[in-house]
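Participant: Just so it is clear, I am handing over start.csv, which has CSV, C-alpha atoms.
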chain,number,residue,atom,x,y,z
J,22,MET,CA,10.5,3.6,-109.5
J,23,PRO,CA,6.8,3.8,-109.3
J,24,GLU,CA,5.1,4.7,-105.9
J,25,PRO,CA,3.0,2.0,-104.3
J,26,GLU,CA,-0.7,2.4,-104.7
J,27,TYR,CA,-3.0,2.1,-101.6
J,28,GLY,CA,-6.5,0.8,-101.9
J,29,PRO,CA,-9.5,2.1,-99.8
J,30,GLU,CA,-9.1,-0.8,-97.3
J,31,GLN,CA,-5.5,0.3,-96.6
J,32,GLU,CA,-6.5,3.9,-96.0
J,33,LEU,CA,-9.2,2.9,-93.6
J,34,GLY,CA,-6.9,0.8,-91.4
J,35,PRO,CA,-5.2,3.6,-89.6
J,36,LYS,CA,-8.4,5.5,-89.2
J,37,ILE,CA,-10.1,2.5,-87.6
J,38,ALA,CA,-7.2,2.0,-85.3
J,39,ASP,CA,-7.3,5.7,-84.2
J,40,ALA,CA,-11.0,5.5,-83.6
J,41,LEU,CA,-10.7,2.4,-81.5
J,42,GLN,CA,-7.8,3.9,-79.4
J,43,THR,CA,-9.8,7.1,-78.8
J,44,LYS,CA,-12.8,5.1,-77.7
J,45,ALA,CA,-10.7,3.0,-75.4
J,46,HIS,CA,-9.3,6.2,-73.8
J,47,THR,CA,-12.8,7.6,-73.5
J,48,ALA,CA,-14.0,4.5,-71.8
J,49,ARG,CA,-11.1,4.5,-69.4
J,50,GLY,CA,-11.8,8.1,-68.6
J,51,LEU,CA,-15.5,7.4,-67.9
J,52,GLN,CA,-14.6,4.4,-65.8
J,53,ALA,CA,-12.1,6.5,-63.8
J,54,ARG,CA,-14.7,9.3,-63.3
J,55,GLY,CA,-17.3,6.7,-62.2
J,56,LEU,CA,-14.9,5.2,-59.7
J,57,ALA,CA,-14.1,8.7,-58.3
J,58,GLN,CA,-17.8,9.4,-58.0
J,59,VAL,CA,-18.4,6.1,-56.1
J,60,ALA,CA,-15.5,6.9,-53.8
J,61,ARG,CA,-16.8,10.4,-53.1
J,62,LYS,CA,-20.3,8.9,-52.3
J,63,ARG,CA,-18.7,6.4,-49.9
J,64,VAL,CA,-16.8,9.3,-48.2
J,65,ARG,CA,-20.0,11.3,-47.9
J,66,ARG,CA,-21.9,8.3,-46.5
J,67,ARG,CA,-19.2,7.7,-43.9
J,68,ARG,CA,-19.1,11.4,-42.9
J,69,GLN,CA,-22.9,11.4,-42.5
J,70,THR,CA,-22.7,8.2,-40.4
J,71,LEU,CA,-20.1,9.7,-38.1
J,72,ILE,CA,-22.0,13.0,-37.8
J,73,ALA,CA,-25.2,11.1,-36.9
J,74,GLY,CA,-23.4,8.9,-34.4
J,75,SER,CA,-21.8,12.0,-32.7
J,76,ALA,CA,-25.2,13.7,-32.5
J,77,ALA,CA,-26.6,10.6,-30.8
J,78,VAL,CA,-23.9,10.6,-28.3
J,79,VAL,CA,-24.4,14.3,-27.6
J,80,VAL,CA,-28.2,13.7,-27.1
J,81,ALA,CA,-27.5,10.8,-24.8
J,82,LEU,CA,-25.1,12.8,-22.7
J,83,SER,CA,-27.5,15.7,-22.6
J,84,ILE,CA,-30.3,13.4,-21.4
J,85,GLY,CA,-28.1,11.8,-18.9
J,86,GLY,CA,-26.9,15.1,-17.6
J,87,VAL,CA,-30.5,16.3,-17.2
J,88,TRP,CA,-31.5,13.1,-15.4
J,89,GLY,CA,-28.5,13.5,-13.1
J,90,ALA,CA,-29.6,17.0,-12.3
J,91,ILE,CA,-33.3,16.5,-11.8
J,92,GLY,CA,-34.1,12.8,-11.7
J,93,GLY,CA,-31.2,11.1,-9.8
J,94,PRO,CA,-31.5,10.2,-6.1
J,95,SER,CA,-30.1,12.6,-3.6
J,96,PRO,CA,-26.6,11.6,-2.3
J,97,VAL,CA,-27.3,12.9,1.0
J,98,SER,CA,-29.9,11.5,3.6
J,99,THR,CA,-30.2,13.4,6.9
J,100,SER,CA,-32.6,14.6,9.5
J,101,ALA,CA,-31.7,17.3,12.0
J,102,SER,CA,-33.5,19.8,14.1
J,103,ASP,CA,-30.7,22.3,14.7
J,104,SER,CA,-28.1,24.2,12.7
J,105,SER,CA,-25.3,21.6,13.4
J,106,ALA,CA,-27.0,19.3,10.9
J,107,ALA,CA,-25.5,21.1,8.0
J,108,GLY,CA,-22.4,18.8,7.9
J,109,SER,CA,-24.2,15.7,6.7
J,110,GLY,CA,-23.0,16.1,3.1
J,111,GLU,CA,-19.4,16.6,4.2
J,112,ALA,CA,-19.7,13.4,6.3
J,113,ASP,CA,-20.8,11.4,3.3
J,114,ALA,CA,-18.1,12.9,1.1
J,115,LYS,CA,-15.5,11.7,3.5
J,116,GLY,CA,-16.8,8.1,3.4
J,117,ALA,CA,-18.7,8.2,6.7
J,118,ALA,CA,-21.9,6.3,7.0
J,119,PRO,CA,-24.9,8.4,6.1
J,120,SER,CA,-26.7,10.2,9.0
J,121,VAL,CA,-29.8,8.2,10.1
J,122,ALA,CA,-32.2,9.7,12.6
J,123,GLY,CA,-32.8,7.3,15.4
J,124,PRO,CA,-36.1,6.8,17.2
J,125,ALA,CA,-37.5,10.0,18.7
J,126,CYS,CA,-36.8,10.6,22.4
J,127,PRO,CA,-39.2,8.4,24.3
J,128,ASP,CA,-41.5,10.1,26.8
J,129,GLN,CA,-40.8,7.3,29.3
J,130,HIS,CA,-37.1,6.7,29.5
J,131,PRO,CA,-35.2,4.5,32.1
J,132,ILE,CA,-33.3,7.6,33.3
J,133,LEU,CA,-36.7,8.8,34.7
J,134,THR,CA,-36.8,5.9,37.2
J,135,ALA,CA,-33.1,5.1,37.6
J,136,GLY,CA,-32.7,7.7,40.3
J,137,SER,CA,-29.3,8.8,39.1
J,138,HIS,CA,-27.7,9.8,35.8
J,139,GLU,CA,-24.9,7.3,36.7
J,140,ALA,CA,-27.2,4.2,36.6
J,141,VAL,CA,-27.0,3.3,32.9
J,142,PRO,CA,-28.5,-0.2,32.5
J,143,PRO,CA,-26.3,-3.0,31.2
J,144,GLY,CA,-26.2,-3.3,27.4
J,145,VAL,CA,-27.5,0.3,27.0
J,146,GLY,CA,-24.3,2.3,27.3
J,147,LEU,CA,-22.1,3.2,24.3
J,148,ASP,CA,-18.7,1.7,23.6
J,149,VAL,CA,-16.9,4.9,22.8
J,150,GLU,CA,-14.7,3.1,20.3
J,151,LEU,CA,-17.7,2.1,18.2
J,152,PRO,CA,-18.4,4.3,15.1
J,153,VAL,CA,-21.6,6.3,15.4
J,154,TYR,CA,-23.9,7.4,12.5
J,155,GLY,CA,-26.3,9.9,14.2
J,156,LEU,CA,-27.3,11.4,17.5
J,157,GLN,CA,-30.6,12.1,19.2
J,158,ALA,CA,-30.2,14.3,22.3
J,159,CYS,CA,-33.0,14.1,24.9
J,160,ARG,CA,-33.2,16.4,27.9
J,161,TYR,CA,-35.4,15.2,30.9
J,162,ARG,CA,-36.7,16.6,34.1
J,163,LEU,CA,-36.0,14.1,36.9
J,164,LEU,CA,-37.9,15.6,39.9
J,165,ALA,CA,-40.1,13.1,41.7
J,166,GLY,CA,-43.6,13.5,40.5
J,167,ASP,CA,-42.6,15.8,37.7
J,168,THR,CA,-40.6,13.6,35.3
J,169,MET,CA,-41.0,14.7,31.7
J,170,LEU,CA,-39.2,15.3,28.4
J,171,LEU,CA,-38.0,18.9,28.2
J,172,GLY,CA,-36.3,19.0,24.8
J,173,ALA,CA,-35.0,17.0,21.9
J,174,ALA,CA,-32.6,17.5,19.0
J,175,THR,CA,-31.2,15.4,16.2
J,176,PHE,CA,-27.6,15.7,15.0
J,177,ASN,CA,-26.0,14.2,11.9
J,178,ALA,CA,-23.2,11.7,11.7
J,179,THR,CA,-20.4,14.2,11.7
J,180,THR,CA,-21.5,16.0,14.9
J,181,ALA,CA,-22.3,12.6,16.6
J,182,GLN,CA,-18.8,11.4,16.0
J,183,GLN,CA,-17.3,14.7,17.1
J,184,VAL,CA,-19.3,14.4,20.4
J,185,VAL,CA,-17.9,10.8,21.0
J,186,ASP,CA,-14.4,11.8,20.1
J,187,ALA,CA,-14.5,14.8,22.4
J,188,ILE,CA,-15.8,12.6,25.3
J,189,LYS,CA,-13.5,9.6,25.0
J,190,VAL,CA,-10.3,11.5,25.6
J,191,LEU,CA,-11.5,13.1,28.9
J,192,PRO,CA,-10.3,12.0,32.3
J,193,GLU,CA,-12.6,10.3,34.8
J,194,ARG,CA,-13.2,13.6,36.6
J,195,ASN,CA,-12.8,17.3,36.1
J,196,PRO,CA,-10.6,18.5,39.0
J,197,THR,CA,-11.7,22.1,38.5
J,198,LEU,CA,-15.3,21.3,39.6
J,199,PRO,CA,-16.1,21.5,43.3
J,200,VAL,CA,-16.9,18.5,45.5
J,201,PHE,CA,-20.1,19.0,47.4
J,202,LYS,CA,-21.3,17.6,50.7
J,203,CYS,CA,-25.0,16.9,50.2
J,204,THR,CA,-27.9,15.0,51.7
J,205,PRO,CA,-29.7,12.3,49.7
J,206,ASP,CA,-32.5,14.7,49.0
J,207,THR,CA,-30.2,17.3,47.4
J,208,ALA,CA,-28.0,14.8,45.7
J,209,ARG,CA,-30.7,13.9,43.2
J,210,PRO,CA,-30.4,15.9,40.0
J,211,SER,CA,-33.4,17.9,38.8
J,212,GLU,CA,-32.6,17.1,35.2
J,213,ALA,CA,-30.2,15.3,32.9
J,214,ILE,CA,-29.5,14.7,29.2
J,215,VAL,CA,-29.5,11.3,27.4
J,216,LEU,CA,-27.4,11.0,24.2
J,217,ARG,CA,-28.8,8.3,22.0
J,218,PHE,CA,-26.3,7.3,19.3
J,219,ASP,CA,-27.2,5.3,16.2
J,220,THR,CA,-24.6,2.5,15.7
J,221,ARG,CA,-24.4,-0.8,13.8
J,222,LEU,CA,-25.6,-2.5,17.0
J,223,GLY,CA,-28.6,-0.3,17.4
J,224,ILE,CA,-29.2,2.7,19.7
J,225,ARG,CA,-26.5,3.1,22.4
J,226,GLU,CA,-26.5,5.8,25.0
J,227,ILE,CA,-24.4,8.1,27.2
J,228,TRP,CA,-26.1,9.8,30.1
J,229,VAL,CA,-24.9,13.3,31.0
J,230,GLY,CA,-25.0,14.6,34.5
J,231,TYR,CA,-24.6,18.3,35.3
J,232,ASP,CA,-27.0,18.9,38.2
J,233,GLY,CA,-27.5,17.6,41.7
J,234,CYS,CA,-24.5,17.4,44.0
J,235,SER,CA,-23.3,13.8,43.9
J,236,SER,CA,-21.5,13.5,40.6
J,237,ALA,CA,-21.1,15.1,37.1
J,238,GLY,CA,-19.9,13.8,33.8
J,239,PHE,CA,-20.6,11.4,30.9
J,240,PHE,CA,-21.7,7.9,31.9
J,241,THR,CA,-21.8,4.8,29.8
J,242,GLY,CA,-22.5,2.2,32.5
J,243,SER,CA,-19.0,0.8,32.3
J,244,ARG,CA,-17.0,4.0,32.1
J,245,THR,CA,-17.2,7.6,33.5
J,246,PHE,CA,-15.8,10.7,31.9
J,247,GLY,CA,-15.5,14.1,33.6
J,248,LEU,CA,-17.8,17.0,32.8
J,249,TYR,CA,-16.0,19.4,30.4
J,250,ALA,CA,-17.3,22.2,28.2
J,251,ALA,CA,-15.9,20.9,24.8
J,252,PRO,CA,-18.4,18.1,24.3
J,253,LEU,CA,-21.3,20.1,25.8
J,254,LYS,CA,-20.9,22.9,23.2
J,255,LEU,CA,-21.5,20.4,20.4
J,256,PHE,CA,-25.0,19.4,21.5
J,257,MET,CA,-26.3,21.8,24.1
J,258,LYS,CA,-28.3,23.8,21.6
J,259,GLY,CA,-32.0,25.0,21.5
J,260,THR,CA,-34.2,23.1,23.9
J,261,ILE,CA,-31.3,20.8,24.9
J,262,ARG,CA,-29.4,23.7,26.5
J,263,PRO,CA,-30.2,24.0,30.3
J,264,THR,CA,-30.6,27.4,31.9
J,265,GLU,CA,-28.6,26.3,34.9
J,266,GLY,CA,-27.2,23.3,36.8
J,267,THR,CA,-25.2,22.7,40.0
J,268,TYR,CA,-22.0,21.8,38.1
J,269,LEU,CA,-22.7,24.0,35.1
J,270,ASP,CA,-22.7,27.0,37.3
J,271,HIS,CA,-19.0,26.2,38.1
J,272,LEU,CA,-18.0,25.2,34.5
J,273,LYS,CA,-16.6,27.8,32.2
J,274,GLY,CA,-17.1,27.9,28.4
J,275,TRP,CA,-20.1,25.6,28.0
Could you spell out this file's structure in structure tokens?
Facilitator:
Amino acid sequence: MPEPEYGPEQELGPKIADALQTKAHTARGLQARGLAQVARKRVRRRRQTLIAGSAAVVVALSIGGVWGAIGGPSPVSTSASDSSAAGSGEADAKGAAPSVAGPACPDQHPILTAGSHEAVPPGVGLDVELPVYGLQACRYRLLAGDTMLLGAATFNATTAQQVVDAIKVLPERNPTLPVFKCTPDTARPSEAIVLRFDTRLGIREIWVGYDGCSSAGFFTGSRTFGLYAAPLKLFMKGTIRPTEGTYLDHLKGW
């Protein structure tokens, strides 16, 4: 039986089919490579965006840190004239009101004309249960014809509150101090100290008597507390510290 004869068109058919299939595979390969390149570009762009954003955050934090170190407001506000003022920062950290220096000790104070360290005028004395935010201690000479300010010191909120806390627990009188019999002339003290506390109601005072021979202690006008060394040691510093006093001469530890 004779073999079938193939014409030129029949021989070209398979070749054309192979060529079309090869071209299709090539096109799919190019398309796949193109998609991969696009995906890699997108990944690179995202990575660059993330890096740029992180750098911006680092720069912002660095700038903020520098401003916090050199440009921010001080958290502490205090004015003190003696070494006990160092506790202002501690007071603020504990939530206490910031220390505020009250008005300077006046040259002319009511104690100079009151005639006694007990005669605190109404509305002037401190309620010892009231929080205090600072203290101005003023030491005055009370001699007739020679009244004057002898010394002054400012204390921060921490020390001021410590002074009040040390006073308000005291009894009305210190029984270890002597009782003097004295004439009106010798009863008048030669000096006294005024403690001027900064409060939410304004300046409130405690007068401190330690000289003369009629009485000694801490006086608010409505209450009297005995003279003890514990509160005195907190503020009797520098020019506020007397060299002597009738009752101080009999008081130990001040």
Participant: Kindly indicate which residue among J:Gly223, J:Gly259, J:Gly146, J:Pro152 lies nearest to Val184 of chain J, using all atoms listed in the file for the distances.
Facilitator: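 The closest residue to Val184 of chain J is J:Pro152.
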Participant: Please provide as a PyMOL selection string all residues within 12 Å of Val190 of chain J, with the sequence filter that same-chain residues fewer than 5 positions apart are discarded (counting only C-alpha atoms).
Facilitator: chain J and resi 149-150+183-185+239+244-249+251-252
Participant: Just the selected residues (C-alpha atoms), exported as an mmCIF file, keeping the file's coordinate frame, please.
Facilitator:
data_model
loop_
_atom_site.group_PDB
_atom_site.id
_atom_site.type_symbol
_atom_site.label_atom_id
_atom_site.label_comp_id
_atom_site.auth_asym_id
_atom_site.auth_seq_id
_atom_site.Cartn_x
_atom_site.Cartn_y
_atom_site.Cartn_z
ATOM 1 C CA VAL J 149 -16.900 4.900 22.800
ATOM 2 C CA GLU J 150 -14.700 3.100 20.300
ATOM 3 C CA GLN J 183 -17.300 14.700 17.100
ATOM 4 C CA VAL J 184 -19.300 14.400 20.400
ATOM 5 C CA VAL J 185 -17.900 10.800 21.000
ATOM 6 C CA PHE J 239 -20.600 11.400 30.900
ATOM 7 C CA ARG J 244 -17.000 4.000 32.100
ATOM 8 C CA THR J 245 -17.200 7.600 33.500
ATOM 9 C CA PHE J 246 -15.800 10.700 31.900
ATOM 10 C CA GLY J 247 -15.500 14.100 33.600
ATOM 11 C CA LEU J 248 -17.800 17.000 32.800
ATOM 12 C CA TYR J 249 -16.000 19.400 30.400
ATOM 13 C CA ALA J 251 -15.900 20.900 24.800
ATOM 14 C CA PRO J 252 -18.400 18.100 24.300
#
Participant: Gly274 of chain J: which residues within 10 Å, counting only C-alpha atoms, same-chain residues fewer than 2 positions away excluded, as number ranges by chain?
Facilitator: J: 249-251, 253-254, 269, 272
Participant: Considering only C-alpha atoms, can you say which of J:Ile224, J:Met257, J:Ala181, J:Cys234 comes closest to Tyr154 of chain J?
Facilitator: J:Ala181
Participant: What does the distance between atom CA of Ser235 of chain J and atom CA of Pro131 of chain J come to in Å, to one decimal place?
Facilitator: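 Separation of atom CA of Ser235 of chain J and atom CA of Pro131 of chain J: 19.2 Å.
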